[in-house]
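work-v5.txt, holding compact mmCIF, C-alpha atoms:
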```txt
# COMPACT_ATOMS: atom_id res chain seq x y z
CA MET A 1 130.73 94.48 116.20
CA ASN A 2 130.77 97.96 114.75
CA CYS A 3 127.79 99.94 113.50
CA PRO A 4 127.56 99.77 109.70
CA ALA A 5 126.12 103.30 109.55
CA CYS A 6 128.33 105.35 111.87
CA GLY A 7 131.17 103.01 112.96
CA ASN A 8 130.28 103.10 116.66
CA VAL A 9 130.70 99.92 118.71
CA LEU A 10 127.36 98.11 118.94
CA GLU A 11 126.14 97.23 122.43
CA GLU A 12 124.26 94.01 123.16
CA MET A 13 120.79 94.44 124.60
CA LYS A 14 118.86 91.46 125.94
CA ILE A 15 115.11 91.66 125.50
CA ASP A 16 113.27 88.60 126.78
CA ASP A 17 115.26 85.70 125.26
CA VAL A 18 116.64 87.70 122.30
CA LEU A 19 120.00 89.43 122.15
CA VAL A 20 120.06 92.36 119.71
CA ASP A 21 122.88 94.78 118.96
CA VAL A 22 122.12 98.51 119.21
CA CYS A 23 124.10 101.62 118.38
CA GLN A 24 123.54 103.19 121.80
CA GLY A 25 124.78 106.80 121.89
CA GLY A 26 125.59 106.71 118.17
CA CYS A 27 123.14 106.74 115.25
CA GLY A 28 120.53 104.71 117.18
CA GLY A 29 120.35 101.84 114.68
CA ILE A 30 119.58 98.22 115.56
CA TRP A 31 121.06 94.96 114.23
CA PHE A 32 118.78 91.92 114.19
CA ASP A 33 120.24 88.50 113.50
CA ASN A 34 118.32 86.17 111.21
CA TYR A 35 114.65 85.75 112.33
CA GLU A 36 114.98 88.11 115.31
CA LEU A 37 113.13 91.01 113.70
CA GLN A 38 109.97 88.87 113.45
CA LYS A 39 109.75 88.91 117.24
CA PHE A 40 109.49 92.72 117.41
CA ASP A 41 107.82 93.90 114.17
CA GLU A 42 104.15 93.94 115.28
CA PRO A 43 102.54 96.40 117.69
CA HIS A 44 101.14 93.69 120.01
CA GLU A 45 104.66 92.37 120.69
CA SER A 46 105.39 94.33 123.83
CA ALA A 47 109.06 93.37 123.95
CA GLY A 48 109.68 95.66 120.99
CA GLU A 49 108.70 98.74 123.01
CA GLN A 50 112.16 98.83 124.61
CA LEU A 51 113.77 99.16 121.20
CA LEU A 52 111.74 102.17 120.12
CA GLU A 53 113.70 104.66 122.22
CA ILE A 54 117.39 103.90 121.68
CA GLU A 55 119.61 106.74 122.96
CA ARG A 56 121.26 108.45 120.01
CA ASP A 57 123.56 111.33 119.24
CA GLN A 58 121.55 113.86 117.23
CA SER A 59 124.73 115.30 115.69
CA ILE A 60 125.43 112.04 113.81
CA ALA A 61 123.96 112.20 110.33
CA VAL A 62 123.55 108.88 108.50
CA ASP A 63 124.06 108.85 104.73
CA HIS A 64 121.11 106.79 103.45
CA THR A 65 122.50 106.74 99.91
CA LYS A 66 125.59 104.79 101.01
CA ARG A 67 125.53 100.99 100.75
CA LEU A 68 126.22 99.43 104.14
CA SER A 69 128.44 96.46 104.93
CA CYS A 70 127.17 93.69 107.15
CA PRO A 71 128.52 94.01 110.71
CA LYS A 72 128.72 90.18 111.00
CA CYS A 73 129.91 89.04 107.56
CA SER A 74 133.17 90.69 106.62
CA GLY A 75 133.14 92.18 103.13
CA MET A 76 129.44 91.46 102.53
CA VAL A 77 127.42 94.43 101.26
CA MET A 78 123.82 94.49 102.45
CA MET A 79 120.85 94.82 100.09
CA ARG A 80 118.49 97.72 100.62
CA HIS A 81 114.83 97.00 99.97
CA PHE A 82 111.36 97.84 101.18
CA PHE A 83 110.24 95.92 104.24
CA SER A 84 106.69 95.41 102.98
CA VAL A 85 104.44 95.94 99.98
CA LYS A 86 103.38 99.30 101.38
CA LYS A 87 106.85 100.57 100.35
CA GLU A 88 107.13 102.92 103.30
CA VAL A 89 110.22 101.64 105.11
CA GLU A 90 113.54 100.68 103.53
CA VAL A 91 115.74 98.24 105.44
CA ASP A 92 119.18 96.76 104.86
CA GLU A 93 119.41 92.96 104.76
CA CYS A 94 122.54 90.82 104.55
CA PRO A 95 122.32 88.21 101.77
CA GLY A 96 124.86 86.08 103.65
CA CYS A 97 123.52 85.72 107.18
CA GLY A 98 119.97 87.08 106.72
CA GLY A 99 120.36 89.75 109.38
CA PHE A 100 118.61 93.14 109.24
CA TRP A 101 119.93 96.62 109.95
CA LEU A 102 117.32 99.19 110.91
CA ASP A 103 118.16 102.86 111.17
CA ALA A 104 116.78 104.94 114.04
CA GLY A 105 112.98 105.15 113.90
CA GLU A 106 112.49 102.42 111.32
CA LEU A 107 111.32 99.80 113.83
CA GLY A 108 108.55 102.14 115.01
CA ARG A 109 107.43 102.74 111.43
CA ILE A 110 107.51 98.99 110.68
CA ARG A 111 105.40 98.27 113.77
CA SER A 112 102.79 100.78 112.57
CA LEU A 113 102.39 99.22 109.09
CA PHE A 114 100.45 96.05 109.99
CA ASP A 115 98.83 94.82 113.18
CA THR A 116 99.44 91.11 112.53
CA GLU A 117 101.43 88.77 110.31
CA GLU A 118 98.17 87.63 108.71
CA GLU A 119 97.39 91.22 107.71
CA ARG A 120 100.88 91.53 106.17
CA HIS A 121 100.36 88.32 104.14
CA ARG A 122 96.94 89.50 102.98
CA ALA A 123 98.41 92.81 101.78
CA ALA A 124 101.19 90.96 99.93
CA HIS A 125 98.65 88.65 98.28
CA GLU A 126 96.53 91.60 97.17
CA TYR A 127 99.60 93.40 95.82
CA PHE A 128 100.83 90.40 93.81
CA SER A 129 97.31 89.78 92.51
CA GLU A 130 97.15 93.38 91.36
CA VAL A 131 100.57 93.30 89.70
CA PHE A 132 100.63 89.75 88.31
CA GLY A 133 96.97 88.75 88.40
CA ASP A 134 96.34 88.77 84.63
CA GLU A 135 99.57 86.89 83.86
CA LEU A 136 98.90 84.29 86.55
CA ALA A 137 95.32 83.78 85.35
CA ALA A 138 96.54 83.33 81.76
CA ALA A 139 99.20 80.82 82.89
CA GLN A 140 96.61 78.90 84.91
CA ASN A 141 94.21 78.77 81.95
CA GLU A 142 97.04 77.54 79.69
CA SER A 143 97.97 74.86 82.24
CA GLU A 144 94.36 73.72 82.52
CA ALA A 145 94.06 73.51 78.72
CA LYS A 146 97.22 71.37 78.56
CA LEU A 147 95.93 69.17 81.37
CA ASN A 148 92.66 68.60 79.49
CA LYS A 149 94.60 67.57 76.35
CA VAL A 150 96.67 65.11 78.35
CA ARG A 151 93.52 63.65 79.91
CA GLN A 152 91.97 63.20 76.44
CA ILE A 153 95.07 61.37 75.18
CA ALA A 154 95.15 59.18 78.29
CA ASN A 155 91.46 58.40 77.76
CA MET A 156 92.18 57.26 74.18
CA PHE A 157 94.90 54.90 75.38
CA ARG A 158 92.39 53.31 77.70
CA PHE A 159 90.89 51.55 74.66
CA VAL A 160 94.26 50.60 73.13
CA CYS A 161 95.62 49.05 76.30
CA PRO A 162 92.94 47.26 78.38
CA SER A 163 93.14 47.62 82.14
CA TYR A 164 93.68 43.87 82.63
CA TYR A 165 96.82 44.02 80.48
CA ILE A 166 100.04 44.05 82.51
CA PRO A 167 103.11 44.61 80.31
CA GLY A 168 105.41 41.58 80.17
CA LYS A 169 103.00 39.27 82.02
CA GLN A 170 100.79 37.98 79.13
CA ASP A 171 101.90 35.64 76.33
CA TRP A 172 99.74 37.51 73.83
CA GLY A 173 101.12 41.00 74.56
CA ALA A 174 103.42 42.81 72.17
CA PHE A 175 105.60 44.23 74.94
```
As a first step, turn the structure in this file into C-alpha cells.
Amino acid sequence: MNCPACGNVLEEMKIDDVLVDVCQGGCGGIWFDNYELQKFDEPHESAGEQLLEIERDQSIAVDHTKRLSCPKCSGMVMMRHFFSVKKEVEVDECPGCGGFWLDAGELGRIRSLFDTEEERHRAAHEYFSEVFGDELAAAQNESEAKLNKVRQIANMFRFVCPSYYIPGKQDWGAF
C-alpha cells in the first residue's frame, strides 16, 4: 500500500494484536483499518505510545487542502471531518472500508482530547443538546401530544367495543 499523502510505501507495524500501516521515513502518517483506531485513541491505552513517534522526513510537506484517496479502496476519495465535537483534529475517513488516515501528530492530539470513551460520549451528548436541544424538545412535546390524542380515542372505543367482544366469534356482532 502507498501513502495517500506523500506516495511512500507504507510499512506494517504490529502493536499487540493489531497491524497498522505507517509511513515510516516519509510523512509520518498512519493508516488504521476499520475499528483499529479505537484501540489507540485514549491516553490510558499504552499500546498507542509506540505510534506517537513515527520516524518522518521533515522535508516532506503534506498538502492538507488536497483530498486524499484511500490506500485500500482504489478510486475511493476519503472524507475529511473532525474527529470529535471539540473540532480540534481533522481526520480522513474512507466511506468504503471505514479506515482512517491520520497525519503526523494527529494521534497524539486525539489522545489528548478525552481521557475515556465515556467522556467523549458525554461531550457529544452535551454538544447535540446545545445545538438541537430546542428542536428535540419541541418534537418530543409534539409526539407526546399526539400520543395523548391517540390514547383518548382508544379510550372512547373501549365503550363502543366491549372487552368481551371478539370479532367474528359472536352471533350478535356486526363484524
Next on the checklist: I'd like the neighbourhood of A:Gly7 as number ranges by chain, where a residue qualifies if any of its atoms comes within 12 Å (using only C-alpha atoms), though same-chain residues fewer than 3 positions away should be ignored.
Outcome noted: A: 1-4, 10, 22-29, 60-62, 68-71
Selection export as an mmCIF file, keeping the file's coordinate frame, atoms kept: C-alpha atoms:
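Output (out-v5.cif):
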```
data_model
loop_
_atom_site.group_PDB
_atom_site.id
_atom_site.type_symbol
_atom_site.label_atom_id
_atom_site.label_comp_id
_atom_site.auth_asym_id
_atom_site.auth_seq_id
_atom_site.Cartn_x
_atom_site.Cartn_y
_atom_site.Cartn_z
ATOM 1 C CA MET A 1 130.730 94.480 116.200
ATOM 2 C CA ASN A 2 130.770 97.960 114.750
ATOM 3 C CA CYS A 3 127.790 99.940 113.500
ATOM 4 C CA PRO A 4 127.560 99.770 109.700
ATOM 5 C CA LEU A 10 127.360 98.110 118.940
ATOM 6 C CA VAL A 22 122.120 98.510 119.210
ATOM 7 C CA CYS A 23 124.100 101.620 118.380
ATOM 8 C CA GLN A 24 123.540 103.190 121.800
ATOM 9 C CA GLY A 25 124.780 106.800 121.890
ATOM 10 C CA GLY A 26 125.590 106.710 118.170
ATOM 11 C CA CYS A 27 123.140 106.740 115.250
ATOM 12 C CA GLY A 28 120.530 104.710 117.180
ATOM 13 C CA GLY A 29 120.350 101.840 114.680
ATOM 14 C CA ILE A 60 125.430 112.040 113.810
ATOM 15 C CA ALA A 61 123.960 112.200 110.330
ATOM 16 C CA VAL A 62 123.550 108.880 108.500
ATOM 17 C CA LEU A 68 126.220 99.430 104.140
ATOM 18 C CA SER A 69 128.440 96.460 104.930
ATOM 19 C CA CYS A 70 127.170 93.690 107.150
ATOM 20 C CA PRO A 71 128.520 94.010 110.710
#
```
Next on the checklist: What's the separation between atom CA of A:Glu117 and atom CA of A:Met78, in Å to one decimal place?
Outcome noted: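 Computing it gives 24.4 Å between the two atoms.
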Next on the checklist: Taking 3 positions as the minimum chain separation for residues in the same chain, which residues sit within 10 Å of A:Asp17 when counting only C-alpha atoms? Answer as a PyMOL selection string.
Outcome noted: chain A and resi 14+20+47
Item to check | Contact residues around stretch 85-93 of chain A with all atoms listed in the file at 12 Å, ignoring same-chain residues under 2 positions, as a ChimeraX atom specification | outcome: /A:4-5,29-35,37,64-73,76-83,95-114,119-128,130-131
Checklist entry - By how many Å are atom CA of A:Arg151 and atom CA of A:Phe132 apart? => result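 So the two atoms, atom CA of A:Arg151 and atom CA of A:Phe132, lie 28.3 Å apart.
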Next on the checklist: Would you compute the distance between atom CA of A:Arg56 and atom CA of A:Asp115? Give it in Å to one decimal.
Outcome noted: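 The value is 27.1 Å.
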